[in-house]
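coords-v5.txt follows (compact mmCIF, C-alpha atoms):
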# COMPACT_ATOMS: atom_id res chain seq x y z
CA MET U 1 35.61 -10.97 -13.95
CA ALA U 2 34.20 -14.47 -14.42
CA ALA U 3 30.88 -14.74 -16.24
CA VAL U 4 27.86 -15.45 -14.05
CA ALA U 5 26.22 -18.77 -14.87
CA PRO U 6 22.60 -18.60 -16.01
CA ALA U 7 19.92 -19.34 -13.43
CA VAL U 8 18.04 -21.57 -15.88
CA SER U 9 19.40 -23.38 -18.93
CA LEU U 10 17.48 -25.59 -21.37
CA ARG U 11 19.05 -27.52 -24.24
CA GLY U 12 16.83 -29.37 -26.72
CA VAL U 13 14.10 -29.98 -24.16
CA THR U 14 10.84 -31.71 -25.02
CA ALA U 15 7.93 -31.75 -22.57
CA ARG U 16 5.45 -34.60 -22.90
CA ARG U 17 2.45 -35.89 -20.96
CA GLY U 18 1.64 -39.47 -21.83
CA ASP U 19 1.70 -39.76 -25.60
CA ARG U 20 1.10 -36.05 -26.14
CA THR U 21 3.99 -33.66 -26.79
CA ILE U 22 3.29 -30.34 -25.05
CA TRP U 23 6.22 -28.52 -26.63
CA ALA U 24 9.62 -29.41 -28.06
CA GLU U 25 13.10 -28.13 -28.89
CA GLY U 26 13.36 -25.71 -25.99
CA SER U 27 16.85 -24.19 -25.90
CA PHE U 28 17.52 -20.95 -24.03
CA ASP U 29 19.22 -19.43 -20.98
CA ILE U 30 17.72 -17.13 -18.36
CA ALA U 31 20.25 -14.85 -16.71
CA THR U 32 20.66 -14.69 -12.97
CA GLY U 33 18.63 -11.79 -11.58
CA ALA U 34 16.20 -11.62 -14.50
CA VAL U 35 12.47 -11.08 -14.02
CA VAL U 36 10.80 -13.12 -16.74
CA GLY U 37 7.22 -13.58 -17.86
CA ILE U 38 6.06 -16.92 -19.26
CA ILE U 39 3.34 -16.25 -21.80
CA GLY U 40 1.28 -18.11 -24.38
CA PRO U 41 -2.27 -19.22 -25.07
CA ASN U 42 -4.15 -21.58 -22.78
CA GLY U 43 -2.85 -25.13 -23.01
CA SER U 44 0.49 -24.15 -24.51
CA GLY U 45 2.49 -25.57 -21.58
CA LYS U 46 3.32 -22.58 -19.39
CA SER U 47 2.73 -24.39 -16.09
CA THR U 48 4.50 -27.46 -17.49
CA LEU U 49 7.68 -25.39 -17.76
CA LEU U 50 7.48 -24.58 -14.05
CA GLU U 51 6.93 -28.25 -13.22
CA LEU U 52 10.06 -29.15 -15.18
CA LEU U 53 12.11 -26.53 -13.34
CA LEU U 54 10.79 -27.81 -10.01
CA GLY U 55 11.71 -31.39 -10.87
CA LEU U 56 8.07 -32.49 -10.64
CA VAL U 57 8.22 -33.94 -14.16
CA GLU U 58 11.18 -35.01 -16.25
CA PRO U 59 11.86 -33.87 -19.80
CA ALA U 60 11.13 -36.40 -22.50
CA ALA U 61 14.30 -35.23 -24.26
CA GLY U 62 17.08 -32.74 -23.68
CA THR U 63 18.71 -31.37 -20.54
CA ILE U 64 17.75 -28.77 -17.94
CA GLU U 65 19.93 -27.03 -15.38
CA VAL U 66 18.43 -24.92 -12.60
CA LEU U 67 20.93 -22.98 -10.50
CA GLY U 68 23.68 -25.18 -11.92
CA ARG U 69 22.04 -28.55 -11.17
CA THR U 70 19.55 -30.99 -12.61
CA PRO U 71 16.11 -30.10 -11.18
CA HIS U 72 14.93 -32.15 -8.22
CA ARG U 73 11.94 -32.07 -5.91
CA GLY U 74 12.26 -30.11 -2.70
CA ASP U 75 15.11 -27.84 -3.79
CA GLY U 76 15.24 -25.28 -0.99
CA ARG U 77 16.88 -22.76 -3.31
CA ILE U 78 13.58 -22.38 -5.18
CA GLY U 79 10.50 -20.56 -3.91
CA TYR U 80 7.17 -21.43 -5.51
CA VAL U 81 3.72 -19.83 -5.55
CA PRO U 82 1.28 -22.25 -7.22
CA GLN U 83 -1.87 -21.09 -8.93
CA ASP U 84 -4.11 -22.98 -6.51
CA ASP U 85 -2.19 -22.55 -3.29
CA ASP U 86 -2.69 -24.85 -0.31
CA ALA U 87 -3.79 -21.87 1.75
CA ARG U 88 -7.33 -22.43 0.52
CA ALA U 89 -7.42 -25.63 2.59
CA MET U 90 -6.10 -23.81 5.66
CA GLU U 91 -8.26 -20.72 5.88
CA ALA U 92 -8.27 -20.73 9.69
CA VAL U 93 -4.49 -20.29 9.70
CA ARG U 94 -3.07 -16.89 10.53
CA CYS U 95 -0.98 -15.18 7.86
CA ARG U 96 2.15 -15.30 10.00
CA GLU U 97 1.74 -19.05 10.53
CA LEU U 98 1.34 -19.68 6.82
CA VAL U 99 4.56 -17.81 6.06
CA ALA U 100 6.37 -19.82 8.74
CA PHE U 101 5.33 -23.05 7.04
CA GLY U 102 7.58 -21.96 4.17
CA LEU U 103 10.55 -22.79 6.39
CA ASP U 104 9.46 -26.43 6.69
CA GLY U 105 9.58 -27.61 3.10
CA GLY U 106 6.91 -30.24 2.50
CA SER U 107 6.38 -31.10 6.18
CA TRP U 108 3.84 -28.57 7.37
CA GLY U 109 2.90 -28.46 11.03
CA TRP U 110 2.89 -26.28 14.11
CA ARG U 111 6.05 -26.20 16.19
CA ARG U 112 7.99 -23.77 18.30
CA ARG U 113 10.07 -21.42 16.14
CA SER U 114 13.60 -20.32 16.87
CA ALA U 115 14.45 -16.65 17.20
CA ASP U 116 16.15 -16.76 13.77
CA GLU U 117 13.07 -18.34 12.19
CA ARG U 118 10.77 -15.74 13.72
CA ALA U 119 13.07 -13.00 12.42
CA ALA U 120 12.99 -14.53 8.92
CA VAL U 121 9.17 -14.62 8.99
CA ASP U 122 9.04 -10.98 10.13
CA ALA U 123 11.46 -9.97 7.37
CA ALA U 124 9.43 -11.78 4.69
CA LEU U 125 6.18 -10.20 5.88
CA ASP U 126 7.82 -6.77 5.90
CA ALA U 127 9.26 -7.33 2.42
CA VAL U 128 5.78 -7.82 0.94
CA GLY U 129 4.07 -5.15 3.03
CA ALA U 130 1.99 -7.63 5.04
CA THR U 131 3.11 -6.84 8.58
CA ALA U 132 -0.07 -4.92 9.43
CA TYR U 133 -2.30 -7.96 8.96
CA ALA U 134 0.20 -10.72 9.80
CA ASP U 135 -1.88 -11.97 12.74
CA ARG U 136 -5.21 -12.08 10.89
CA ARG U 137 -6.61 -15.34 9.62
CA LEU U 138 -6.68 -15.96 5.88
CA THR U 139 -10.47 -15.62 5.96
CA GLN U 140 -10.01 -12.04 7.16
CA VAL U 141 -7.78 -10.72 4.35
CA SER U 142 -8.45 -9.72 0.75
CA GLY U 143 -7.29 -11.56 -2.36
CA GLY U 144 -4.47 -9.10 -2.90
CA GLN U 145 -3.35 -9.42 0.72
CA ARG U 146 -3.48 -13.20 0.51
CA GLN U 147 -1.27 -13.13 -2.57
CA ARG U 148 1.27 -11.02 -0.71
CA VAL U 149 1.29 -13.60 2.09
CA ALA U 150 1.77 -16.41 -0.45
CA ILE U 151 4.78 -14.57 -1.87
CA ALA U 152 6.16 -14.05 1.65
CA GLN U 153 5.83 -17.79 2.27
CA ALA U 154 7.76 -18.50 -0.94
CA VAL U 155 10.64 -16.12 -0.13
CA VAL U 156 10.96 -16.70 3.64
CA GLY U 157 13.69 -19.28 3.04
CA ASP U 158 15.68 -16.73 0.99
CA PRO U 159 15.53 -18.62 -2.35
CA GLU U 160 17.69 -17.85 -5.35
CA LEU U 161 14.87 -18.55 -7.81
CA LEU U 162 11.18 -17.63 -7.42
CA LEU U 163 8.52 -19.30 -9.59
CA LEU U 164 4.93 -18.05 -9.67
CA ASP U 165 1.98 -19.55 -11.52
CA GLU U 166 -0.63 -16.90 -12.41
CA PRO U 167 -0.07 -14.74 -9.29
CA LEU U 168 -2.31 -11.97 -10.69
CA ALA U 169 -5.30 -14.20 -11.50
CA GLY U 170 -8.51 -13.08 -9.81
CA LEU U 171 -7.08 -9.73 -8.67
CA ASP U 172 -8.54 -6.36 -9.61
CA VAL U 173 -6.47 -3.92 -11.67
CA ARG U 174 -5.09 -2.02 -8.66
CA ASN U 175 -3.97 -5.20 -6.90
CA GLN U 176 -2.49 -6.59 -10.11
CA HIS U 177 -0.24 -3.56 -10.47
CA GLU U 178 0.65 -3.55 -6.76
CA VAL U 179 1.63 -7.23 -6.77
CA ALA U 180 3.59 -6.78 -10.01
CA THR U 181 5.51 -3.85 -8.53
CA LEU U 182 6.09 -5.90 -5.38
CA LEU U 183 7.59 -8.76 -7.39
CA GLY U 184 10.01 -6.40 -9.11
CA ARG U 185 11.09 -4.86 -5.82
CA VAL U 186 11.45 -8.12 -3.88
CA SER U 187 13.40 -9.71 -6.73
CA ALA U 188 15.83 -6.79 -6.80
CA ASP U 189 16.15 -6.50 -3.01
CA ARG U 190 16.83 -10.23 -2.60
CA SER U 191 18.85 -10.66 -5.82
CA MET U 192 16.45 -13.38 -6.98
CA THR U 193 15.70 -14.63 -10.45
CA THR U 194 11.92 -14.57 -10.91
CA LEU U 195 9.73 -16.40 -13.43
CA VAL U 196 6.04 -15.52 -13.63
CA VAL U 197 3.39 -17.40 -15.61
CA THR U 198 0.78 -14.88 -16.71
CA HIS U 199 -2.11 -14.66 -19.15
CA ASP U 200 -1.93 -10.83 -19.16
CA ILE U 201 1.50 -9.30 -19.62
CA ASN U 202 0.36 -5.70 -19.17
CA PRO U 203 0.58 -5.36 -15.37
CA LEU U 204 4.08 -6.83 -15.42
CA LEU U 205 5.60 -4.80 -18.26
CA GLY U 206 7.17 -2.31 -15.87
CA VAL U 207 9.24 -5.01 -14.12
CA LEU U 208 9.91 -7.72 -16.71
CA THR U 209 13.37 -7.94 -18.26
CA GLY U 210 12.47 -10.80 -20.61
CA ALA U 211 9.84 -13.36 -21.54
CA VAL U 212 9.56 -17.01 -22.45
CA TYR U 213 6.87 -17.33 -25.10
CA LEU U 214 5.41 -20.65 -26.25
CA LEU U 215 4.87 -20.31 -29.97
CA ASP U 216 4.06 -23.01 -32.54
CA GLY U 217 4.90 -25.79 -30.10
CA HIS U 218 8.31 -24.42 -29.11
CA PRO U 219 9.45 -22.26 -26.17
CA HIS U 220 11.55 -19.20 -27.00
CA TYR U 221 13.23 -16.58 -24.83
CA ALA U 222 13.88 -12.93 -25.69
CA PRO U 223 14.35 -9.56 -23.95
CA ILE U 224 11.01 -7.98 -23.15
CA GLY U 225 11.50 -5.20 -25.70
CA ASP U 226 11.66 -7.80 -28.47
CA VAL U 227 8.59 -9.68 -27.20
CA VAL U 228 6.29 -6.65 -26.98
CA ASP U 229 5.84 -6.69 -30.72
CA GLU U 230 2.51 -6.57 -32.55
CA HIS U 231 3.39 -9.23 -35.13
CA LEU U 232 4.84 -11.67 -32.57
CA LEU U 233 2.00 -11.27 -30.05
CA SER U 234 -0.69 -11.50 -32.73
CA HIS U 235 0.89 -14.74 -33.98
CA LEU U 236 1.24 -16.02 -30.42
CA TYR U 237 -2.39 -15.50 -29.44
CA GLY U 238 -4.01 -15.98 -32.83
CA THR U 239 -5.73 -12.60 -32.79
CA SER U 240 -4.79 -9.02 -33.60
CA ILE U 241 -2.75 -7.45 -30.78
CA LYS U 242 -1.81 -3.78 -30.79
CA VAL U 243 1.11 -2.31 -28.85
CA VAL U 244 0.40 1.18 -27.54
CA ARG U 245 2.88 3.65 -26.07
CA THR U 246 1.46 6.31 -23.76
CA ALA U 247 2.56 9.95 -23.67
CA GLN U 248 4.62 9.03 -20.59
CA GLY U 249 6.47 6.34 -22.55
CA ASP U 250 4.75 3.35 -20.94
CA LEU U 251 3.82 0.35 -23.11
CA PHE U 252 0.69 -1.74 -22.99
CA THR U 253 -0.99 -4.22 -25.30
CA ARG U 254 -4.62 -4.54 -26.34
CA SER U 255 -6.57 -6.79 -28.65
CA GLY U 256 -7.86 -5.44 -31.93

I'd like the structure from this file rewritten - as structure tokens, please.
Amino acid sequence: MAAVAPAVSLRGVTARRGDRTIWAEGSFDIATGAVVGIIGPNGSGKSTLLELLLGLVEPAAGTIEVLGRTPHRGDGRIGYVPQDDDARAMEAVRCRELVAFGLDGGSWGWRRRSADERAAVDAALDAVGATAYADRRLTQVSGGQRQRVAIAQAVVGDPELLLLDEPLAGLDVRNQHEVATLLGRVSADRSMTTLVVTHDINPLLGVLTGAVYLLDGHPHYAPIGDVVDEHLLSHLYGTSIKVVRTAQGDLFTRSG
């Protein structure tokens, strides 16, 4: 059986903004179908990595391949949930309409949908458990429900790669765990590779297979079992991090 090409491949990549190097010497592969956290302290360049994969910025050095090609803007094979989603500017829009906009790329607007498009929207809403409130306006749903709709919008075009920037930010503990579980399930059901920028790895530990961690100005990739390590995490965040295993075998991290 032929080997499956990695979904993401970096070789000697340097990310720079103006005269400032964000990080350098990034060389790693992310396997197809992986669910990967992107972690590191504030300002370490987590969102910059997503921008590189989306083709929004170019590397200052090195090469990147995403799904076998050089990244470029508007790649329909990639779904994206930004940290500050455009939904905030469209609060009068119904959830179903927002998901449908995901079929239009960058050209948002109301138009008559085909039967296949309506079916794709219904399937995306069902996949994230948002069917019950699909016809409510964004002003009428909770933060957790809105995040589900944002994920549905990102996957409605059946992407091969899903990128999310802080999808758990601003959610309470219950919604964090529900959205994390949802990401694991949707990724598996749709055979997607998923990369999630997060400042708190705990809610995602049950679904992550690996992590990119930005340490000492360099991005590294490792299986999640190697990353959930007290020494590594303490070095990464510059404070003491403890790894705790519950009686049920679950892992979580805490400071101190």

Need to verify the contact set: Leu251 in chain U, 12 Å, only C-alpha atoms, exclusion of same-chain residues closer than 3 positions in sequence. Can you return it as an NGL selection string?
:U and (201-208 or 224-225 or 227-230 or 242-248 or 254)

Kindly give the distance, in Å, that separates CA of His177 in chain U and CA of Arg146 in chain U, rounded to a single decimal.
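These atoms are spaced 15.0 Å apart.
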
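Proximity of U:Arg17, U:Gly76, U:Thr131, U:Glu97 to Glu58 in chain U, computed with only C-alpha atoms, is greatest for U:Arg17.
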
Which residues, written as a PyMOL selection string, have at least one atom at most 9 Å from range 33-42 of chain U, with all atoms listed in the file counted and residues fewer than 2 positions away on the same chain left out?
chain U and resi 7+30-31+44-47+49+160-161+183-184+187-188+191-201+204-205+207-215+223-224+233+236-238

So how many Å separate CA of Glu51 in chain U and CA of Ala124 in chain U, to one decimal?
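Between CA of Glu51 in chain U and CA of Ala124 in chain U the gap is 24.5 Å.
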
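Our summary of the geometry notes that CA of Arg96 in chain U is positioned 5.0 Å from CA of Ala134 in chain U.
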
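Restricting the calculation to all atoms listed in the file, the smallest distance between Asp126 in chain U and any of U:Leu103, U:Pro59, U:Gly249, U:Val186 is found for U:Val186.
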
Excluding same-chain residues fewer than 2 positions from Gly55 in chain U, what lies within 9 Å of it counting all atoms listed in the file, as an MDAnalysis selection string?
chainID U and resid 50:53 57:58 70:75

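Shortest atom-to-atom contact with Asp116 in chain U among U:Arg20, U:Ala150, U:Gly79, U:Gly157: U:Gly157, counting only C-alpha atoms.
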